[in-house]
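Novice: Provided herewith: entry.cif, mmCIF, N, CA and C atoms.
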data_my_file
loop_
_atom_site.label_atom_id
_atom_site.label_comp_id
_atom_site.auth_asym_id
_atom_site.auth_seq_id
_atom_site.Cartn_x
_atom_site.Cartn_y
_atom_site.Cartn_z
N MET A 1 161.39 60.15 88.97
CA MET A 1 161.20 59.70 90.33
C MET A 1 162.44 58.95 90.77
N CYS A 2 162.70 59.00 92.05
CA CYS A 2 163.81 58.22 92.53
C CYS A 2 163.45 57.53 93.82
N ILE A 3 163.95 56.34 93.99
CA ILE A 3 163.73 55.60 95.22
C ILE A 3 165.04 55.65 96.00
N LYS A 4 164.94 55.99 97.26
CA LYS A 4 166.14 56.10 98.09
C LYS A 4 166.43 54.75 98.73
N THR A 5 167.01 53.86 97.95
CA THR A 5 167.41 52.56 98.44
C THR A 5 168.74 52.20 97.82
N LYS A 6 169.37 51.18 98.33
CA LYS A 6 170.67 50.76 97.79
C LYS A 6 170.48 49.54 96.90
N ILE A 7 169.84 49.78 95.76
CA ILE A 7 169.64 48.71 94.80
C ILE A 7 170.06 49.22 93.43
N GLY A 8 170.29 48.31 92.52
CA GLY A 8 170.73 48.69 91.17
C GLY A 8 169.64 49.39 90.38
N ASN A 9 170.02 50.06 89.30
CA ASN A 9 169.08 50.82 88.47
C ASN A 9 167.96 49.96 87.90
N HIS A 10 168.28 48.74 87.44
CA HIS A 10 167.25 47.87 86.86
C HIS A 10 166.19 47.54 87.90
N MET A 11 166.63 47.12 89.06
CA MET A 11 165.70 46.77 90.13
C MET A 11 164.91 48.01 90.57
N GLU A 12 165.57 49.14 90.60
CA GLU A 12 164.91 50.39 91.02
C GLU A 12 163.77 50.73 90.08
N SER A 13 164.00 50.68 88.77
CA SER A 13 162.93 51.02 87.84
C SER A 13 161.82 49.98 87.87
N SER A 14 162.16 48.73 88.15
CA SER A 14 161.16 47.68 88.28
C SER A 14 160.26 47.96 89.49
N ILE A 15 160.85 48.41 90.57
CA ILE A 15 160.06 48.74 91.77
C ILE A 15 159.20 49.96 91.51
N THR A 16 159.76 51.00 90.93
CA THR A 16 159.00 52.24 90.70
C THR A 16 157.80 51.99 89.81
N SER A 17 157.89 51.09 88.88
CA SER A 17 156.78 50.84 87.97
C SER A 17 155.58 50.22 88.68
N GLN A 18 155.78 49.72 89.89
CA GLN A 18 154.68 49.13 90.66
C GLN A 18 153.80 50.19 91.33
N PHE A 19 154.28 51.43 91.38
CA PHE A 19 153.57 52.49 92.08
C PHE A 19 152.93 53.46 91.10
N VAL A 20 151.80 54.03 91.51
CA VAL A 20 151.12 55.01 90.65
C VAL A 20 151.99 56.25 90.51
N THR A 21 151.70 57.05 89.53
CA THR A 21 152.41 58.31 89.34
C THR A 21 151.98 59.30 90.43
N TYR A 22 152.74 60.35 90.57
CA TYR A 22 152.41 61.37 91.56
C TYR A 22 151.02 61.96 91.28
N SER A 23 150.72 62.23 90.01
CA SER A 23 149.42 62.84 89.69
C SER A 23 148.26 61.92 90.03
N VAL A 24 148.41 60.62 89.81
CA VAL A 24 147.34 59.67 90.17
C VAL A 24 147.24 59.58 91.70
N ALA A 25 148.37 59.57 92.39
CA ALA A 25 148.36 59.54 93.86
C ALA A 25 147.61 60.75 94.40
N ARG A 26 147.83 61.91 93.80
CA ARG A 26 147.13 63.13 94.23
C ARG A 26 145.63 62.99 94.00
N LEU A 27 145.23 62.48 92.84
CA LEU A 27 143.80 62.30 92.54
C LEU A 27 143.10 61.38 93.53
N VAL A 28 143.73 60.23 93.81
CA VAL A 28 143.07 59.28 94.72
C VAL A 28 143.09 59.81 96.16
N ALA A 29 144.14 60.53 96.54
CA ALA A 29 144.19 61.12 97.88
C ALA A 29 143.05 62.12 98.04
N ASP A 30 142.81 62.91 97.00
CA ASP A 30 141.73 63.90 97.04
C ASP A 30 140.36 63.26 97.12
N ARG A 31 140.25 61.98 96.70
CA ARG A 31 138.98 61.26 96.74
C ARG A 31 138.87 60.34 97.97
N GLY A 32 139.86 60.40 98.87
CA GLY A 32 139.73 59.67 100.13
C GLY A 32 140.56 58.41 100.27
N PHE A 33 141.46 58.12 99.32
CA PHE A 33 142.30 56.94 99.47
C PHE A 33 143.13 57.06 100.74
N ASN A 34 143.09 56.02 101.59
CA ASN A 34 143.86 56.05 102.83
C ASN A 34 144.27 54.65 103.27
N LEU A 35 144.65 53.81 102.33
CA LEU A 35 145.14 52.48 102.68
C LEU A 35 146.62 52.57 103.03
N PRO A 36 147.11 51.69 103.89
CA PRO A 36 148.54 51.70 104.22
C PRO A 36 149.41 51.47 102.98
N CYS A 37 150.51 52.22 102.89
CA CYS A 37 151.42 52.13 101.74
C CYS A 37 152.85 51.93 102.23
N LEU A 38 153.65 51.24 101.43
CA LEU A 38 155.05 51.02 101.76
C LEU A 38 155.92 52.21 101.40
N TYR A 39 155.48 53.01 100.44
CA TYR A 39 156.25 54.16 99.97
C TYR A 39 155.40 55.42 100.02
N VAL A 40 156.07 56.56 99.98
CA VAL A 40 155.42 57.87 99.96
C VAL A 40 156.08 58.73 98.88
N PHE A 41 155.39 59.78 98.49
CA PHE A 41 156.01 60.81 97.65
C PHE A 41 156.44 61.93 98.59
N ASN A 42 157.69 62.37 98.47
CA ASN A 42 158.17 63.47 99.30
C ASN A 42 157.78 64.80 98.67
N GLU A 43 158.24 65.90 99.27
CA GLU A 43 157.87 67.24 98.80
C GLU A 43 158.39 67.53 97.40
N LYS A 44 159.40 66.77 96.93
CA LYS A 44 159.93 66.94 95.57
C LYS A 44 159.22 66.01 94.59
N GLU A 45 158.15 65.34 95.04
CA GLU A 45 157.39 64.40 94.24
C GLU A 45 158.20 63.17 93.87
N GLU A 46 159.17 62.82 94.70
CA GLU A 46 160.00 61.64 94.50
C GLU A 46 159.49 60.52 95.39
N LEU A 47 159.60 59.31 94.88
CA LEU A 47 159.17 58.13 95.60
C LEU A 47 160.25 57.73 96.59
N GLU A 48 159.86 57.47 97.84
CA GLU A 48 160.83 57.02 98.84
C GLU A 48 160.15 56.11 99.85
N GLU A 49 160.96 55.30 100.53
CA GLU A 49 160.42 54.43 101.57
C GLU A 49 159.76 55.28 102.64
N SER A 50 158.73 54.73 103.23
CA SER A 50 157.94 55.52 104.18
C SER A 50 158.66 55.80 105.50
N GLY A 51 159.64 54.99 105.85
CA GLY A 51 160.30 55.16 107.14
C GLY A 51 159.59 54.41 108.25
N HIS A 52 158.40 53.89 107.96
CA HIS A 52 157.64 53.04 108.87
C HIS A 52 157.49 51.70 108.19
N THR A 53 156.94 50.74 108.91
CA THR A 53 156.61 49.48 108.25
C THR A 53 155.66 49.76 107.10
N VAL A 54 154.62 50.54 107.38
CA VAL A 54 153.71 51.04 106.35
C VAL A 54 153.33 52.47 106.70
N ALA A 55 153.04 53.24 105.69
CA ALA A 55 152.62 54.63 105.90
C ALA A 55 151.11 54.70 105.85
N THR A 56 150.55 55.52 106.70
CA THR A 56 149.13 55.85 106.65
C THR A 56 149.03 57.37 106.66
N LYS A 57 147.88 57.86 106.26
CA LYS A 57 147.69 59.30 106.20
C LYS A 57 148.00 59.96 107.55
N GLU A 58 147.62 59.29 108.62
CA GLU A 58 147.82 59.83 109.96
C GLU A 58 149.29 59.89 110.36
N ARG A 59 150.13 59.05 109.79
CA ARG A 59 151.54 58.99 110.16
C ARG A 59 152.44 59.77 109.22
N LEU A 60 151.87 60.42 108.22
CA LEU A 60 152.67 61.12 107.21
C LEU A 60 153.15 62.48 107.70
N ALA A 61 154.33 62.85 107.23
CA ALA A 61 154.78 64.23 107.41
C ALA A 61 153.87 65.11 106.56
N ALA A 62 153.72 66.36 106.94
CA ALA A 62 152.82 67.27 106.22
C ALA A 62 153.18 67.40 104.75
N SER A 63 154.46 67.29 104.41
CA SER A 63 154.89 67.47 103.03
C SER A 63 154.86 66.18 102.21
N ALA A 64 154.50 65.06 102.82
CA ALA A 64 154.51 63.77 102.13
C ALA A 64 153.09 63.36 101.72
N MET A 65 153.03 62.44 100.76
CA MET A 65 151.76 61.92 100.29
C MET A 65 151.90 60.42 100.08
N LEU A 66 150.85 59.66 100.40
CA LEU A 66 150.88 58.21 100.19
C LEU A 66 151.17 57.89 98.74
N ALA A 67 151.96 56.85 98.51
CA ALA A 67 152.28 56.38 97.16
C ALA A 67 151.77 54.95 97.01
N PRO A 68 150.52 54.79 96.63
CA PRO A 68 149.97 53.44 96.50
C PRO A 68 150.48 52.71 95.26
N MET A 69 150.37 51.41 95.31
CA MET A 69 150.67 50.59 94.14
C MET A 69 149.43 50.60 93.23
N TRP A 70 149.66 50.32 91.95
CA TRP A 70 148.55 50.26 91.00
C TRP A 70 147.46 49.31 91.50
N SER A 71 147.87 48.16 91.99
CA SER A 71 146.91 47.16 92.45
C SER A 71 146.10 47.65 93.64
N GLN A 72 146.71 48.46 94.52
CA GLN A 72 145.96 49.01 95.65
C GLN A 72 144.87 49.97 95.18
N VAL A 73 145.20 50.79 94.19
CA VAL A 73 144.23 51.77 93.69
C VAL A 73 143.07 51.06 93.00
N THR A 74 143.37 50.07 92.17
CA THR A 74 142.27 49.38 91.47
C THR A 74 141.42 48.58 92.46
N GLU A 75 142.05 48.01 93.47
CA GLU A 75 141.29 47.29 94.50
C GLU A 75 140.42 48.27 95.30
N TRP A 76 140.96 49.43 95.65
CA TRP A 76 140.21 50.46 96.38
C TRP A 76 139.00 50.93 95.54
N LEU A 77 139.22 51.18 94.26
CA LEU A 77 138.11 51.58 93.39
C LEU A 77 137.03 50.50 93.33
N ARG A 78 137.48 49.26 93.23
CA ARG A 78 136.54 48.13 93.12
C ARG A 78 135.77 47.92 94.43
N ASN A 79 136.48 47.86 95.56
CA ASN A 79 135.85 47.52 96.83
C ASN A 79 135.10 48.68 97.47
N THR A 80 135.61 49.89 97.30
CA THR A 80 135.00 51.05 97.96
C THR A 80 133.96 51.73 97.07
N HIS A 81 134.24 51.80 95.78
CA HIS A 81 133.37 52.57 94.88
C HIS A 81 132.69 51.73 93.81
N HIS A 82 132.89 50.42 93.84
CA HIS A 82 132.23 49.48 92.91
C HIS A 82 132.56 49.79 91.46
N LEU A 83 133.80 50.23 91.22
CA LEU A 83 134.25 50.54 89.86
C LEU A 83 135.41 49.62 89.50
N TYR A 84 135.29 48.97 88.36
CA TYR A 84 136.29 48.02 87.90
C TYR A 84 136.99 48.59 86.67
N VAL A 85 138.30 48.77 86.77
CA VAL A 85 139.11 49.28 85.66
C VAL A 85 139.73 48.08 84.96
N ARG A 86 139.43 47.94 83.66
CA ARG A 86 139.89 46.77 82.91
C ARG A 86 140.63 47.17 81.64
N PRO A 87 141.97 47.15 81.67
CA PRO A 87 142.72 47.36 80.42
C PRO A 87 142.54 46.15 79.51
N ASP A 88 142.39 46.39 78.22
CA ASP A 88 142.20 45.33 77.22
C ASP A 88 143.32 45.41 76.20
N HIS A 89 143.98 44.29 75.94
CA HIS A 89 145.06 44.27 74.95
C HIS A 89 144.49 44.01 73.57
N HIS A 90 144.95 44.80 72.60
CA HIS A 90 144.57 44.62 71.20
C HIS A 90 145.81 44.12 70.47
N PRO A 91 146.00 42.79 70.38
CA PRO A 91 147.24 42.26 69.82
C PRO A 91 147.49 42.63 68.37
N ASN A 92 146.44 42.79 67.57
CA ASN A 92 146.64 43.15 66.16
C ASN A 92 147.22 44.55 66.02
N LYS A 93 146.82 45.45 66.92
CA LYS A 93 147.32 46.82 66.87
C LYS A 93 148.53 47.03 67.78
N LYS A 94 148.79 46.05 68.65
CA LYS A 94 149.84 46.18 69.67
C LYS A 94 149.59 47.41 70.53
N GLU A 95 148.33 47.59 70.91
CA GLU A 95 147.92 48.71 71.74
C GLU A 95 146.97 48.21 72.81
N TRP A 96 146.62 49.12 73.72
CA TRP A 96 145.73 48.81 74.83
C TRP A 96 144.50 49.71 74.79
N GLY A 97 143.36 49.16 75.17
CA GLY A 97 142.15 49.93 75.41
C GLY A 97 141.84 49.81 76.89
N VAL A 98 140.83 50.50 77.35
CA VAL A 98 140.45 50.40 78.76
C VAL A 98 138.96 50.61 78.91
N SER A 99 138.38 49.88 79.85
CA SER A 99 136.97 50.03 80.18
C SER A 99 136.86 50.26 81.68
N VAL A 100 135.90 51.09 82.07
CA VAL A 100 135.58 51.27 83.48
C VAL A 100 134.15 50.81 83.65
N CYS A 101 133.95 49.81 84.48
CA CYS A 101 132.64 49.21 84.66
C CYS A 101 132.13 49.48 86.07
N ASP A 102 130.88 49.87 86.18
CA ASP A 102 130.23 50.01 87.47
C ASP A 102 129.72 48.63 87.84
N LEU A 103 130.22 48.07 88.92
CA LEU A 103 129.86 46.70 89.30
C LEU A 103 128.42 46.58 89.79
N ARG A 104 127.74 47.69 89.94
CA ARG A 104 126.34 47.66 90.35
C ARG A 104 125.41 47.51 89.15
N TRP A 105 125.94 47.64 87.92
CA TRP A 105 125.11 47.47 86.73
C TRP A 105 124.74 46.01 86.55
N ASN A 106 123.55 45.77 86.02
CA ASN A 106 123.21 44.41 85.61
C ASN A 106 123.72 44.24 84.17
N GLY A 107 123.57 43.10 83.59
CA GLY A 107 124.11 42.82 82.26
C GLY A 107 123.63 43.78 81.19
N LYS A 108 122.33 44.09 81.17
CA LYS A 108 121.77 44.98 80.15
C LYS A 108 122.32 46.40 80.33
N GLU A 109 122.38 46.88 81.58
CA GLU A 109 122.93 48.22 81.84
C GLU A 109 124.39 48.29 81.41
N TYR A 110 125.12 47.23 81.68
CA TYR A 110 126.54 47.18 81.30
C TYR A 110 126.69 47.35 79.79
N VAL A 111 125.96 46.54 79.04
CA VAL A 111 126.06 46.58 77.57
C VAL A 111 125.65 47.96 77.05
N ASN A 112 124.54 48.51 77.55
CA ASN A 112 124.08 49.82 77.10
C ASN A 112 125.09 50.92 77.41
N ASN A 113 125.63 50.92 78.62
CA ASN A 113 126.59 51.95 79.01
C ASN A 113 127.91 51.82 78.26
N MET A 114 128.37 50.60 78.04
CA MET A 114 129.63 50.42 77.32
C MET A 114 129.44 50.76 75.84
N ASP A 115 128.28 50.42 75.27
CA ASP A 115 128.00 50.81 73.88
C ASP A 115 127.97 52.33 73.74
N LYS A 116 127.33 53.00 74.69
CA LYS A 116 127.27 54.47 74.67
C LYS A 116 128.67 55.05 74.76
N ARG A 117 129.49 54.52 75.66
CA ARG A 117 130.87 55.01 75.82
C ARG A 117 131.65 54.81 74.53
N ASP A 118 131.50 53.64 73.92
CA ASP A 118 132.22 53.36 72.67
C ASP A 118 131.84 54.35 71.58
N ARG A 119 130.55 54.66 71.48
CA ARG A 119 130.09 55.62 70.46
C ARG A 119 130.62 57.02 70.74
N GLU A 120 130.60 57.43 72.02
CA GLU A 120 131.04 58.78 72.38
C GLU A 120 132.55 58.96 72.26
N LEU A 121 133.30 57.96 72.68
CA LEU A 121 134.77 58.10 72.72
C LEU A 121 135.47 57.45 71.53
N GLY A 122 134.76 56.61 70.79
CA GLY A 122 135.40 55.96 69.66
C GLY A 122 136.46 54.95 70.06
N ARG A 123 136.36 54.40 71.25
CA ARG A 123 137.30 53.39 71.77
C ARG A 123 138.76 53.79 71.55
N PRO A 124 139.24 54.78 72.25
CA PRO A 124 140.64 55.17 72.11
C PRO A 124 141.57 54.04 72.54
N THR A 125 142.77 54.03 71.99
CA THR A 125 143.77 53.04 72.37
C THR A 125 145.03 53.75 72.86
N TYR A 126 145.85 53.00 73.59
CA TYR A 126 147.04 53.56 74.22
C TYR A 126 148.23 52.64 73.95
N LYS A 127 149.42 53.20 73.97
CA LYS A 127 150.63 52.45 73.62
C LYS A 127 151.04 51.44 74.70
N THR A 128 150.79 51.77 75.97
CA THR A 128 151.25 50.88 77.04
C THR A 128 150.11 50.52 77.99
N TYR A 129 150.29 49.43 78.71
CA TYR A 129 149.34 48.99 79.73
C TYR A 129 149.16 50.08 80.79
N ASN A 130 150.27 50.64 81.29
CA ASN A 130 150.18 51.65 82.35
C ASN A 130 149.47 52.91 81.89
N GLU A 131 149.65 53.28 80.63
CA GLU A 131 148.94 54.44 80.09
C GLU A 131 147.43 54.17 80.08
N ALA A 132 147.03 52.99 79.61
CA ALA A 132 145.61 52.62 79.60
C ALA A 132 145.07 52.56 81.02
N LEU A 133 145.83 51.98 81.93
CA LEU A 133 145.41 51.87 83.33
C LEU A 133 145.25 53.26 83.96
N THR A 134 146.18 54.16 83.69
CA THR A 134 146.09 55.52 84.22
C THR A 134 144.84 56.22 83.73
N ILE A 135 144.56 56.12 82.42
CA ILE A 135 143.36 56.74 81.85
C ILE A 135 142.11 56.14 82.48
N GLY A 136 142.11 54.83 82.66
CA GLY A 136 140.97 54.16 83.29
C GLY A 136 140.75 54.60 84.72
N ILE A 137 141.83 54.75 85.48
CA ILE A 137 141.72 55.20 86.87
C ILE A 137 141.20 56.63 86.92
N VAL A 138 141.71 57.50 86.06
CA VAL A 138 141.23 58.88 86.02
C VAL A 138 139.74 58.92 85.67
N GLU A 139 139.34 58.09 84.70
CA GLU A 139 137.92 58.02 84.32
C GLU A 139 137.08 57.52 85.50
N ALA A 140 137.57 56.48 86.20
CA ALA A 140 136.84 55.94 87.34
C ALA A 140 136.71 56.98 88.45
N ILE A 141 137.77 57.71 88.71
CA ILE A 141 137.76 58.74 89.77
C ILE A 141 136.76 59.84 89.42
N SER A 142 136.61 60.14 88.15
CA SER A 142 135.65 61.17 87.75
C SER A 142 134.20 60.75 88.03
N LYS A 143 133.97 59.45 88.24
CA LYS A 143 132.63 58.94 88.51
C LYS A 143 132.31 58.89 90.01
N ILE A 144 133.31 59.17 90.83
CA ILE A 144 133.11 59.11 92.29
C ILE A 144 132.41 60.38 92.75
#
Using the file provided, produce a representation of the structure as structure tokens.
Specialist:
Amino acid sequence: MCIKTKIGNHMESSITSQFVTYSVARLVADRGFNLPCLYVFNEKEELEESGHTVATKERLAASAMLAPMWSQVTEWLRNTHHLYVRPDHHPNKKEWGVSVCDLRWNGKEYVNNMDKRDRELGRPTYKTYNEALTIGIVEAISKI
């Protein structure tokens, strides 16, 4: 991905890491994400400034797609669909796990559903926070 701005490489990669990947942007767009975004993905799937103060679906060129930040997607899942994506750090393994919680569950439902998930999936772990977050978002989107 590339950002079309006049900043150094270090700052550029720091900015790009704040935005979801193209594949996650496509998934959330297909599920109705339409919050204003500062950046868009162009037809080459590259990240670029929107050209507006903020981009909305209505203001996008046909070949562009909204590029939300990770925090926007998790907030949208939480506020719109009552799904909470929670990456968990495992310091002994230096890896990350992730849980997706339905905020409409009561305490007993939460424990039962998370226990069932743990048994079925065996609590997979991931090397990075963003990898765990991506898996959690994909899992949450599958519940919509």
Novice: If I take CA of Val24 (chain A) and CA of Thr134 (chain A), how far is one from the other in Å, to one decimal?
Specialist: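 If I compute the distance from CA of Val24 (chain A) to CA of Thr134 (chain A), I get 7.4 Å.
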Novice: Since I can't run it myself right now, could you work out what the PyMOL selection byres ((chain A and resi 81-94) around 8) selects here and report it as a ChimeraX atom specification?
Specialist: /A:74-80,95-105,126-129,132-133,136-137,140,144
Novice: In Å, with one decimal, what is the gap from CA of Lys143 (chain A) to CA of Ala62 (chain A)?
Specialist: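 A separation of 28.1 Å between them.
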Novice: For the structure shown, which residues end up in the PyMOL selection byres (((chain A and resi 45-54 and name CA) around 10) and name CA)? Put them as an MDAnalysis selection string, please?
Specialist: chainID A and resid 1:5 16 19:23 35:44 55:56 59:61 63:67
Novice: What residues in region 72-112 of chain A get the DSSP label alpha helix (DSSP H)? Please answer as a ChimeraX atom specification.
Specialist: /A:72-81,107-112
Novice: Can you measure CA of Lys57 (chain A) to CA of Asp30 (chain A) for me? One decimal in Å is fine.
Specialist: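 One can read the CA of Lys57 (chain A) to CA of Asp30 (chain A) distance as 11.9 Å.
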